[in-house]
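Below: the structure, in structure tokens.
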Amino acid sequence: MSSSTVPGLQVHPPSAREFGGTLKLLLTSGGVTNPSIHSALVQLLGKPIAECHALCVPTAQWGHPMCGPTSVRGFAAAEPTWQHLSGLGWASLGVLELTALPTIGAERYVPWIREADVLLVDGGDATYLCHWMRESGLADLLPSLPDTVWVGVSAGSMVMTPRIGAHFVEWPSAPDDRTLGVVDFSIFPHLDAFPQNTLADAERWAADIGVPAYAIDEQTAIKVVDGSVEVVSEGQWTKFGS
């Protein structure tokens, strides 16, 4: 993710939304990159990864200028770059493209989602992903999926927060930096992975975000179950705010 911002972007404070016992969340920067995060994922799933059926959600990629057809295919095909997400050895791997769902009807796609053990939600632009989660109806479906595991990478994690900050908005049509607000904290991903993602950058970002926040690197995940938040890490992370 780059630090570019959208000209004229309106930045608003988060608005609270009650999601109840929505999902089991594993919010990562780079995926399931080490044994600690792998163990947390298996714990959330309640069975081995090899017995679980996964749906890939590539939608956020379309909203980011660094992504496109090749990267979407790589994610869906579990190519080596995505070994930490779609390439973990799932029993089955399908694709859930949110932009298509409004045109086919809930009677078709809701059963696909309910039958999945896990949603693998890739990175890209979190505001674009948020828009299509609402347009597709997936956001409204979340409270009825308490047994489903959501594994997010980058934007796929950030979409669950109240806001992402203008630093991370790449979609030109984004009205502001607000996202779903399923959790009450924000996430600064890819800590020290890019020149513009240093701890100093994270500190400046956190000063304006208005909610508690975490800066996490590629070896860190945040596990959220029934409102309980746990950081799982073999790397570097920092919490800002109370």
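Each chain of the structure tokens is named A, B, ... in the order shown, its residues numbered from 1; ligands are numbered from 1 in display order.
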Practice task
For Glu115 of chain A, work out the shell of residues within 10 Å, counting only C-alpha atoms and skipping chain neighbours fewer than 6 positions away, then give it as a PyMOL selection string.
Solution key: chain A and resi 53-55+148
Exercise for the section: For Met160 of chain A, please output as a list in words all residues within 7 Å (counting only C-alpha atoms; exclusion window: fewer than 5 positions along the same chain). Expected result: Thr179, Leu180, Gly181, Val182 and Val183 of chain A
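Shortest atom-to-atom contact with Leu199 of chain A among A:Gln236, A:Thr127, A:Ser242, A:Ser228: A:Gln236, counting only C-alpha atoms.
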Exercise for the section: Find the residues around Pro48 of chain A up to 10 Å (only C-alpha atoms counted), leave out those fewer than 3 positions away in its own chain, and share them as a count of residues only. Expected result: 10
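Closest to Glu218 of chain A among A:Ala174, A:Ile113, A:Val153, A:Ile164 is A:Val153, based on only C-alpha atoms.
From atom CA of Met133 of chain A back to atom CA of Leu26 of chain A, the distance works out to 17.8 Å.
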Exercise for the section: Return as a ChimeraX atom specification the full set of residues in segment 40-201 of chain A whose backbone-based DSSP assignment is helix (DSSP H, G or I). Expected result: /A:40-45,49-51,59-63,69-76,80-82,98-103,106-115,126-136,138-144,155-158,166-168,199-201
Practice task
Name the residues of segment 185-228 of chain A that fall into strand (DSSP E) according to DSSP on the backbone, using the chain letters and numbers of this document, as a PyMOL selection string.
Solution key: chain A and resi 186-188+213-216+220-225+228
Problem - Contacts of Ser29 of chain A within 10 Å, only C-alpha atoms, excl. fewer than 5 positions in-chain, as a ChimeraX atom specification - result: /A:122-123,152-158,187-191,193,215-222
So that I can see what lies close to Ser136 of chain A, please list as a tab-separated table (two decimals) with all heavy atoms, in the first residue's frame the residues with an atom at most 12 Å from it, counting only C-alpha atoms and leaving out residues fewer than 3 positions away in the same chain.
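Written out: result29.tsv:
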chain	number	residue	atom	x	y	z
A	59	THR	N	-12.07	-9.09	-4.05
A	59	THR	CA	-12.69	-7.84	-4.48
A	59	THR	C	-11.85	-6.60	-4.19
A	59	THR	O	-11.79	-5.67	-5.01
A	59	THR	CB	-14.08	-7.71	-3.84
A	59	THR	OG1	-14.84	-8.87	-4.15
A	59	THR	CG2	-14.80	-6.48	-4.33
A	96	LEU	N	-15.38	-16.00	-4.27
A	96	LEU	CA	-16.57	-15.21	-4.01
A	96	LEU	C	-16.26	-13.78	-4.44
A	96	LEU	O	-15.60	-13.04	-3.71
A	96	LEU	CB	-16.94	-15.26	-2.53
A	96	LEU	CG	-18.26	-14.59	-2.14
A	96	LEU	CD1	-19.44	-15.43	-2.64
A	96	LEU	CD2	-18.36	-14.41	-0.63
A	97	GLU	N	-16.72	-13.39	-5.64
A	97	GLU	CA	-16.49	-12.05	-6.15
A	97	GLU	C	-17.69	-11.17	-5.82
A	97	GLU	O	-18.77	-11.33	-6.37
A	97	GLU	CB	-16.24	-12.09	-7.67
A	97	GLU	CG	-16.07	-10.72	-8.30
A	97	GLU	CD	-15.12	-9.82	-7.51
A	97	GLU	OE1	-13.92	-10.16	-7.43
A	97	GLU	OE2	-15.60	-8.80	-6.97
A	98	LEU	N	-17.49	-10.24	-4.89
A	98	LEU	CA	-18.60	-9.47	-4.36
A	98	LEU	C	-19.27	-8.59	-5.39
A	98	LEU	O	-20.46	-8.32	-5.30
A	98	LEU	CB	-18.11	-8.61	-3.18
A	98	LEU	CG	-17.46	-9.35	-2.02
A	98	LEU	CD1	-17.20	-8.39	-0.87
A	98	LEU	CD2	-18.29	-10.53	-1.56
A	99	THR	N	-18.53	-8.12	-6.39
A	99	THR	CA	-19.14	-7.24	-7.39
A	99	THR	C	-20.20	-7.96	-8.22
A	99	THR	O	-21.07	-7.32	-8.81
A	99	THR	CB	-18.07	-6.66	-8.34
A	99	THR	OG1	-17.42	-7.72	-9.04
A	99	THR	CG2	-17.04	-5.86	-7.57
A	100	ALA	N	-20.13	-9.29	-8.26
A	100	ALA	CA	-21.10	-10.06	-9.04
A	100	ALA	C	-22.37	-10.38	-8.25
A	100	ALA	O	-23.42	-10.63	-8.85
A	100	ALA	CB	-20.47	-11.37	-9.52
A	101	LEU	N	-22.30	-10.38	-6.95
A	101	LEU	CA	-23.40	-10.89	-6.14
A	101	LEU	C	-24.71	-10.15	-6.30
A	101	LEU	O	-25.78	-10.79	-6.33
A	101	LEU	CB	-22.99	-10.93	-4.67
A	101	LEU	CG	-21.77	-11.80	-4.33
A	101	LEU	CD1	-21.60	-11.91	-2.82
A	101	LEU	CD2	-21.84	-13.18	-4.97
A	102	PRO	N	-24.72	-8.81	-6.43
A	102	PRO	CA	-26.02	-8.14	-6.57
A	102	PRO	C	-26.81	-8.55	-7.81
A	102	PRO	O	-28.02	-8.37	-7.86
A	102	PRO	CB	-25.64	-6.65	-6.63
A	102	PRO	CG	-24.33	-6.56	-5.94
A	102	PRO	CD	-23.62	-7.84	-6.31
A	103	THR	N	-26.12	-9.10	-8.81
A	103	THR	CA	-26.80	-9.44	-10.06
A	103	THR	C	-27.32	-10.87	-10.09
A	103	THR	O	-28.00	-11.25	-11.04
A	103	THR	CB	-25.85	-9.25	-11.26
A	103	THR	OG1	-24.76	-10.19	-11.18
A	103	THR	CG2	-25.30	-7.83	-11.29
A	104	ILE	N	-26.99	-11.68	-9.08
A	104	ILE	CA	-27.40	-13.09	-9.14
A	104	ILE	C	-28.40	-13.48	-8.06
A	104	ILE	O	-29.01	-14.53	-8.15
A	104	ILE	CB	-26.19	-14.05	-9.08
A	104	ILE	CG1	-25.43	-13.91	-7.76
A	104	ILE	CG2	-25.24	-13.78	-10.25
A	104	ILE	CD1	-24.30	-14.92	-7.60
A	105	GLY	N	-28.57	-12.65	-7.03
A	105	GLY	CA	-29.58	-12.92	-6.03
A	105	GLY	C	-29.08	-13.69	-4.83
A	105	GLY	O	-28.25	-14.60	-4.94
A	106	ALA	N	-29.60	-13.31	-3.67
A	106	ALA	CA	-29.18	-13.91	-2.40
A	106	ALA	C	-29.48	-15.39	-2.33
A	106	ALA	O	-28.76	-16.15	-1.66
A	106	ALA	CB	-29.84	-13.18	-1.23
A	109	TYR	N	-26.18	-16.99	-3.65
A	109	TYR	CA	-24.88	-16.84	-3.02
A	109	TYR	C	-24.87	-17.02	-1.51
A	109	TYR	O	-23.83	-17.40	-0.94
A	109	TYR	CB	-24.24	-15.50	-3.39
A	109	TYR	CG	-24.86	-14.27	-2.77
A	109	TYR	CD1	-24.61	-13.92	-1.44
A	109	TYR	CD2	-25.65	-13.41	-3.53
A	109	TYR	CE1	-25.16	-12.77	-0.88
A	109	TYR	CE2	-26.20	-12.26	-2.97
A	109	TYR	CZ	-25.95	-11.95	-1.66
A	109	TYR	OH	-26.49	-10.81	-1.11
A	110	VAL	N	-25.99	-16.79	-0.83
A	110	VAL	CA	-25.99	-16.97	0.62
A	110	VAL	C	-25.65	-18.41	1.03
A	110	VAL	O	-24.85	-18.62	1.94
A	110	VAL	CB	-27.32	-16.50	1.24
A	110	VAL	CG1	-27.42	-16.92	2.71
A	110	VAL	CG2	-27.45	-14.98	1.13
A	129	LEU	N	-13.52	-2.38	-0.97
A	129	LEU	CA	-14.06	-3.62	-0.41
A	129	LEU	C	-15.27	-3.33	0.46
A	129	LEU	O	-16.29	-4.04	0.38
A	129	LEU	CB	-12.97	-4.32	0.41
A	129	LEU	CG	-13.38	-5.59	1.16
A	129	LEU	CD1	-13.90	-6.65	0.21
A	129	LEU	CD2	-12.19	-6.11	1.97
A	130	CYS	N	-15.20	-2.30	1.28
A	130	CYS	CA	-16.32	-1.92	2.14
A	130	CYS	C	-17.56	-1.61	1.30
A	130	CYS	O	-18.67	-2.05	1.61
A	130	CYS	CB	-15.93	-0.73	3.00
A	130	CYS	SG	-17.22	-0.17	4.12
A	131	HIS	N	-17.37	-0.83	0.24
A	131	HIS	CA	-18.49	-0.48	-0.65
A	131	HIS	C	-19.17	-1.72	-1.18
A	131	HIS	O	-20.41	-1.83	-1.13
A	131	HIS	CB	-17.96	0.36	-1.81
A	131	HIS	CG	-18.97	0.60	-2.89
A	131	HIS	ND1	-19.94	1.58	-2.79
A	131	HIS	CD2	-19.18	-0.03	-4.08
A	131	HIS	CE1	-20.69	1.54	-3.89
A	131	HIS	NE2	-20.26	0.59	-4.68
A	132	TRP	N	-18.40	-2.69	-1.64
A	132	TRP	CA	-19.00	-3.89	-2.25
A	132	TRP	C	-19.50	-4.88	-1.21
A	132	TRP	O	-20.40	-5.66	-1.49
A	132	TRP	CB	-18.04	-4.52	-3.25
A	132	TRP	CG	-18.06	-3.74	-4.52
A	132	TRP	CD1	-17.11	-2.89	-5.00
A	132	TRP	CD2	-19.16	-3.68	-5.45
A	132	TRP	NE1	-17.53	-2.31	-6.17
A	132	TRP	CE2	-18.77	-2.79	-6.48
A	132	TRP	CE3	-20.40	-4.31	-5.52
A	132	TRP	CZ2	-19.62	-2.50	-7.55
A	132	TRP	CZ3	-21.23	-4.02	-6.59
A	132	TRP	CH2	-20.84	-3.13	-7.59
A	133	MET	N	-18.97	-4.83	0.00
A	133	MET	CA	-19.56	-5.64	1.06
A	133	MET	C	-20.97	-5.16	1.36
A	133	MET	O	-21.87	-5.97	1.61
A	133	MET	CB	-18.69	-5.61	2.31
A	133	MET	CG	-17.43	-6.46	2.18
A	133	MET	SD	-16.48	-6.50	3.71
A	133	MET	CE	-17.59	-7.40	4.79
A	139	ALA	N	-22.16	-7.51	4.12
A	139	ALA	CA	-22.06	-6.81	5.40
A	139	ALA	C	-23.27	-7.10	6.28
A	139	ALA	O	-23.14	-7.32	7.49
A	139	ALA	CB	-21.91	-5.31	5.18
A	140	ASP	N	-24.46	-7.12	5.68
A	140	ASP	CA	-25.67	-7.39	6.44
A	140	ASP	C	-25.75	-8.85	6.88
A	140	ASP	O	-26.45	-9.17	7.85
A	140	ASP	CB	-26.91	-7.05	5.61
A	140	ASP	CG	-27.06	-5.55	5.37
A	140	ASP	OD1	-26.60	-4.77	6.24
A	140	ASP	OD2	-27.61	-5.17	4.34
A	141	LEU	N	-25.05	-9.72	6.18
A	141	LEU	CA	-25.08	-11.14	6.49
A	141	LEU	C	-24.15	-11.49	7.66
A	141	LEU	O	-24.33	-12.51	8.32
A	141	LEU	CB	-24.68	-11.95	5.25
A	141	LEU	CG	-24.88	-13.46	5.25
A	141	LEU	CD1	-26.37	-13.82	5.38
A	141	LEU	CD2	-24.31	-14.07	3.97
A	142	LEU	N	-23.17	-10.66	7.91
A	142	LEU	CA	-22.14	-10.98	8.90
A	142	LEU	C	-22.67	-11.39	10.27
A	142	LEU	O	-22.16	-12.35	10.86
A	142	LEU	CB	-21.17	-9.80	9.06
A	142	LEU	CG	-20.34	-9.41	7.84
A	142	LEU	CD1	-19.40	-8.27	8.21
A	142	LEU	CD2	-19.58	-10.58	7.26
Practice task
May I ask for the distance between atom CA of Pro58 of chain A and atom CA of Phe75 of chain A, given in Å to one decimal place?
Solution key: 7.3 Å
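If you measure from each of A:Gly124, A:Pro195, A:Trp82, A:Pro212 to Gly68 of chain A using only C-alpha atoms, the closest one turns out to be A:Gly124.
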